[in-house]
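Student: First the structure, then my questions, so here it is.
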Amino acid sequence: MEYIRTLITAYFAFKKPFFDRSFRHTETTKLLLVQKGGPFEVKKTPQHDVKPDQVLIRQRAIALNGLDPLQRDLGVNIQTWPYVLGVEGAGVIEAIGSEVEGFQVGDEVLAWELSVEGWGGAYQEHVVVPARFVAKKPKNISIEEAASLPICYNAAICTMFALKLRIPIPNFRGASNSEGEPEPKSILVLGGSSVVGASAIQLLRLAYPSVPIFATSSPAHHAHLLSLGATKVFDYHSPTMVSDIKAASPESRGVDMIFDVVGAGASQTDICDTFDPNGIKKYGALVTAKTVTVPEGVTKFESGGWTLLGMPGQEQVIPALAQLVEEGKYKVPLSVKVVGHGLEQIPDVMDQVRSVSGEKLIVTL
Ligand SMILES: NC(=O)c1ccc[n+]([C@@H]2O[C@H](COP(=O)([O-])OP(=O)(O)OC[C@H]3O[C@@H](n4cnc5c(N)ncnc54)[C@H](OP(=O)(O)O)[C@@H]3O)[C@@H](O)[C@H]2O)c1
């Protein structure tokens, strides 16, 4: 018995380094943004080192985001050049750091691909990511759909956390944040057909099964948002939208919380008239390129995906995605559309995110 135990221990001790060496490419290819405003350059570089808590992912699908052209044009959050843009993708694990547990070389995964130590984000053939921001690809979805999942879910969870709402992750360590907070009686999601909005509707529905969740979008997306759990959806172009929302709220008093994931309040300046004057009046604003100001008496809570870095239970958030999707509790928020193949095509298709409507844009590698 002891002999068998020793053999098993030795096998697992040697397995990781063995696979690490045998599968790892020595070079990788990056899409470099040479300087603010461009141009881009596709370049071969030495392979990344993998630290003990990291994994190396060979990218198969990369999702485009509104942040990409903003960073290209304005250099937002970029300290050194050249820089690799992109914040999310999916692929296959090619190497594993010595302290990482729960993953194997060859696993299909999705990841929040924040730039690690200046090595950049998603727009490269290989990316290194802390293992806590990686989830196994849910078995019931495609690799392209998997690439569309991380940042919208992360941004929606972070906004819920900022608003001290319940987070629907089993045994979530950051749960104490919502303890003792008043429960919202109704919530309004502005930008329901954005990918963050379609994610937020589902997570709010999971967290608050019987609370009315209203959303705004163009009529073309109303049926989809209802299927994700919205109680009622309003056309944001309608001149009567504000009074219609108020009329639909419990006893027509107005909503308790607004969840603005597209900076809608910057142009829809009367949106706070939908609040119940005697309610909680919390306005959750995901940070976008637009600045939203709220009237006196309304409390604004700003959030972004980076909020995850300081959140208790952060290591539970992205890994929980696989379980939520496989159990059918959380759907791929929007249908995905493949708009290109290869790093070379990304500069040509990147601006399509500016006019996207109810879809998530993907480039395959
Ligand atoms: N701070 C962060 O960490 C973070 C993370 C992720 C995203 N973001 C930002 O959050 C925003 C949303 O990102 P996303 O990727 O989810 O966007 P997206 O999917 O590209 O959003 C496009 C959708 O927004 C809808 N929309 C635009 N203006 C609207 C308005 N005034 N009212 C209602 N709906 C409106 C459009 O609806 P219709 O098609 O129905 O017209 C369209 O379907 C972007 O500004 C992005 O940069 C920030």
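Residues are referred to by chain and number: the chain letter is A, B, ... according to the order shown in the structure tokens, the number counts from 1 in that chain, and ligands are numbered separately from 1 in the order shown.
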Looking only at strand (DSSP E or B) from DSSP on the backbone, list the matching residues of stretch 1-225 of chain A as a VMD selection string.
Tutor: chain A and resid 27 to 33 40 to 46 54 to 63 83 88 to 96 108 to 112 124 126 to 130 134 to 136 187 to 190 213 to 217
Student: Write the selection just made, keeping C-alpha atoms, as a compact mmCIF listing (two decimals), in the first residue's frame?
Tutor:
```txt
# COMPACT_ATOMS: atom_id res chain seq x y z
CA GLU A 27 8.55 31.68 -29.36
CA THR A 28 5.23 33.47 -29.53
CA THR A 29 3.66 36.12 -31.77
CA LYS A 30 2.18 39.40 -30.54
CA LEU A 31 0.09 42.15 -32.06
CA LEU A 32 2.00 45.19 -30.82
CA LEU A 33 0.47 48.66 -30.68
CA PHE A 40 0.19 47.94 -35.10
CA GLU A 41 2.93 45.45 -35.84
CA VAL A 42 2.80 41.62 -35.71
CA LYS A 43 6.07 40.41 -34.21
CA LYS A 44 7.64 37.15 -33.02
CA THR A 45 9.13 37.36 -29.50
CA PRO A 46 10.62 34.90 -27.00
CA GLN A 54 0.37 31.55 -13.48
CA VAL A 55 -0.67 29.53 -16.50
CA LEU A 56 0.38 29.95 -20.14
CA ILE A 57 -2.55 29.85 -22.56
CA ARG A 58 -2.34 29.26 -26.32
CA GLN A 59 -5.10 31.55 -27.55
CA ARG A 60 -7.82 30.14 -29.83
CA ALA A 61 -10.41 32.93 -29.66
CA ILE A 62 -10.15 36.56 -28.56
CA ALA A 63 -13.05 38.89 -27.81
CA TYR A 83 1.73 47.47 -25.88
CA GLU A 88 -10.28 38.39 -22.62
CA GLY A 89 -9.96 35.18 -24.56
CA ALA A 90 -10.10 31.41 -24.57
CA GLY A 91 -7.63 28.73 -25.54
CA VAL A 92 -5.64 25.74 -24.37
CA ILE A 93 -3.26 25.60 -21.40
CA GLU A 94 0.29 25.04 -22.59
CA ALA A 95 2.23 25.38 -19.31
CA ILE A 96 1.39 25.55 -15.61
CA GLU A 108 -9.51 24.29 -22.69
CA VAL A 109 -9.98 27.46 -20.65
CA LEU A 110 -11.26 31.03 -20.71
CA ALA A 111 -9.53 33.89 -18.93
CA TRP A 112 -9.68 37.50 -17.85
CA GLN A 124 -1.10 37.60 -28.72
CA HIS A 126 0.21 33.07 -25.97
CA VAL A 127 -0.78 34.88 -22.82
CA VAL A 128 0.27 34.38 -19.18
CA VAL A 129 -2.49 34.85 -16.62
CA PRO A 130 -2.72 34.34 -12.85
CA VAL A 134 -8.89 31.34 -15.42
CA ALA A 135 -11.88 29.00 -15.66
CA LYS A 136 -12.25 25.72 -17.49
CA ILE A 187 -33.67 47.33 -10.19
CA LEU A 188 -33.27 49.07 -13.55
CA VAL A 189 -30.45 47.97 -15.91
CA LEU A 190 -29.54 50.65 -18.47
CA ILE A 213 -35.60 43.69 -12.93
CA PHE A 214 -36.26 46.25 -15.65
CA ALA A 215 -33.93 46.91 -18.56
CA THR A 216 -33.56 49.32 -21.47
CA SER A 217 -32.59 48.45 -25.05
```
Student: Using DSSP on the backbone coordinates, identify all residues within stretch 144-265 of chain A classified as alpha helix (DSSP H); present the result as a PyMOL selection string.
Tutor: chain A and resi 144-147+150-162+195-207+222-228+241-248
Student: Let me make sure I understand: among A:Phe161, A:Tyr236, A:Tyr283, A:Tyr153, which one has the smallest atom-to-atom distance to ligand 1 if we use only C-alpha atoms and all ligand atoms?
Tutor: A:Tyr236
Student: Go ahead and compute the interatomic distance for atom CA of A:Ser186 and atom CA of A:Ile318, in Å to one decimal.
Tutor: 26.7 Å
Student: Given the choices A:Gln79, A:Asn65, A:Ser178, A:Ser98, which gets closest to ligand 1 if the distance is worked out from only C-alpha atoms and all ligand atoms?
Tutor: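 Of the candidates, the smallest distance to ligand 1 is held by A:Asn65.
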Student: Using only C-alpha atoms and all ligand atoms, determine which residues fall within 8 Å of ligand 1, then list them as a PyMOL selection string.
Tutor: chain A and resi 65-67+151-152+154-155+190-198+216-221+235-237+261-265+267-268+286-290+303-306+353-360
Student: Produce a file of the selected residues containing C-alpha atoms, as a compact mmCIF listing (two decimals), in the first residue's frame.
Tutor:
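Generated output (selection31.txt):
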```
# COMPACT_ATOMS: atom_id res chain seq x y z
CA ASN A 65 -14.06 45.24 -26.52
CA GLY A 66 -14.97 48.94 -26.61
CA LEU A 67 -11.86 49.57 -24.52
CA ILE A 151 -15.06 40.68 -18.82
CA CYS A 152 -18.83 41.23 -18.99
CA ASN A 154 -16.48 40.33 -14.15
CA ALA A 155 -17.74 43.91 -14.74
CA LEU A 190 -29.54 50.65 -18.47
CA GLY A 191 -27.99 49.09 -21.57
CA GLY A 192 -29.55 45.62 -21.28
CA SER A 193 -28.42 44.59 -24.78
CA SER A 194 -24.78 45.45 -24.12
CA VAL A 195 -22.85 42.35 -23.20
CA VAL A 196 -22.33 43.65 -19.64
CA GLY A 197 -26.07 44.42 -19.40
CA ALA A 198 -27.08 40.94 -20.61
CA THR A 216 -33.56 49.32 -21.47
CA SER A 217 -32.59 48.45 -25.05
CA SER A 218 -33.79 48.80 -28.63
CA PRO A 219 -36.98 46.77 -29.32
CA ALA A 220 -35.02 44.21 -31.40
CA HIS A 221 -33.45 42.83 -28.22
CA ASP A 235 -37.15 51.11 -25.59
CA TYR A 236 -34.54 53.69 -24.63
CA HIS A 237 -35.50 55.83 -27.66
CA VAL A 261 -23.39 49.77 -17.75
CA VAL A 262 -23.25 51.96 -20.88
CA GLY A 263 -22.99 55.48 -19.46
CA ALA A 264 -26.62 56.02 -20.51
CA GLY A 265 -27.17 58.59 -17.76
CA SER A 267 -27.32 61.63 -22.25
CA GLN A 268 -30.53 60.43 -20.55
CA LEU A 286 -19.68 51.03 -14.69
CA VAL A 287 -16.80 53.26 -15.76
CA THR A 288 -17.09 53.99 -19.49
CA ALA A 289 -15.83 56.85 -21.66
CA LYS A 290 -18.92 58.85 -20.58
CA SER A 303 -16.92 50.31 -10.59
CA GLY A 304 -14.79 48.55 -13.17
CA GLY A 305 -13.38 45.11 -13.78
CA TRP A 306 -10.30 46.04 -11.76
CA VAL A 353 -17.13 47.38 -31.64
CA ARG A 354 -18.25 51.00 -31.93
CA SER A 355 -21.46 50.04 -33.76
CA VAL A 356 -22.15 46.60 -32.29
CA SER A 357 -25.74 45.87 -31.29
CA GLY A 358 -26.67 42.85 -29.20
CA GLU A 359 -23.68 40.75 -30.31
CA LYS A 360 -20.17 39.99 -29.09
```
Student: Under the rule that only C-alpha atoms are counted, which of A:Pro138, A:Pro168, A:Gly297, A:Gly279 is the nearest residue to A:Tyr208?
Tutor: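 Selected residue with least distance to A:Tyr208: A:Pro168.
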Student: What's the 10 Å shell around A:Ile141, counting only C-alpha atoms, without same-chain residues fewer than 3 positions away, as a list in words?
Tutor: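 Answer for this query is Lys137, Pro138, Glu144, Glu145, Ala146, Ala322, Val325, Glu326, Lys331 and Val332 of chain A.
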Student: Record the distance separating atom CA of A:Val294 and atom CA of A:Val233, expressed in Å with one decimal.
Tutor: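 About the pair atom CA of A:Val294 and atom CA of A:Val233: they are 22.6 Å apart.
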Student: By how many Å are atom CA of A:Ile201 and atom CA of A:Ser227 apart?
Tutor: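 Atom-to-atom, atom CA of A:Ile201 and atom CA of A:Ser227 are spaced 10.1 Å apart.
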Student: For A:Gly254, which residue out of A:Lys232, A:Lys185, A:Lys300, A:Arg173 is the nearest one, using only C-alpha atoms?
Tutor: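 The closest residue to A:Gly254 is A:Lys185.
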Student: Name all residues at most 12 Å from A:Val339 (count only C-alpha atoms; drop same-chain ones fewer than 2 positions away) and give them as a ChimeraX atom specification.
Tutor: /A:61-64,144,336-337,341-343,345-353,356,359-365
Student: Which residue is closest to A:Gly38? Choose from A:Asp73, A:Glu296, A:Glu327, A:Glu99 and count only C-alpha atoms.
Tutor: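 So, comparing all the options, the nearest one is A:Asp73.
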Student: May I ask which of the residues A:Ser115, A:Ser199, A:Ser176, A:Gln47 is the closest one to A:Ser148, counting only C-alpha atoms?
Tutor: A:Ser199
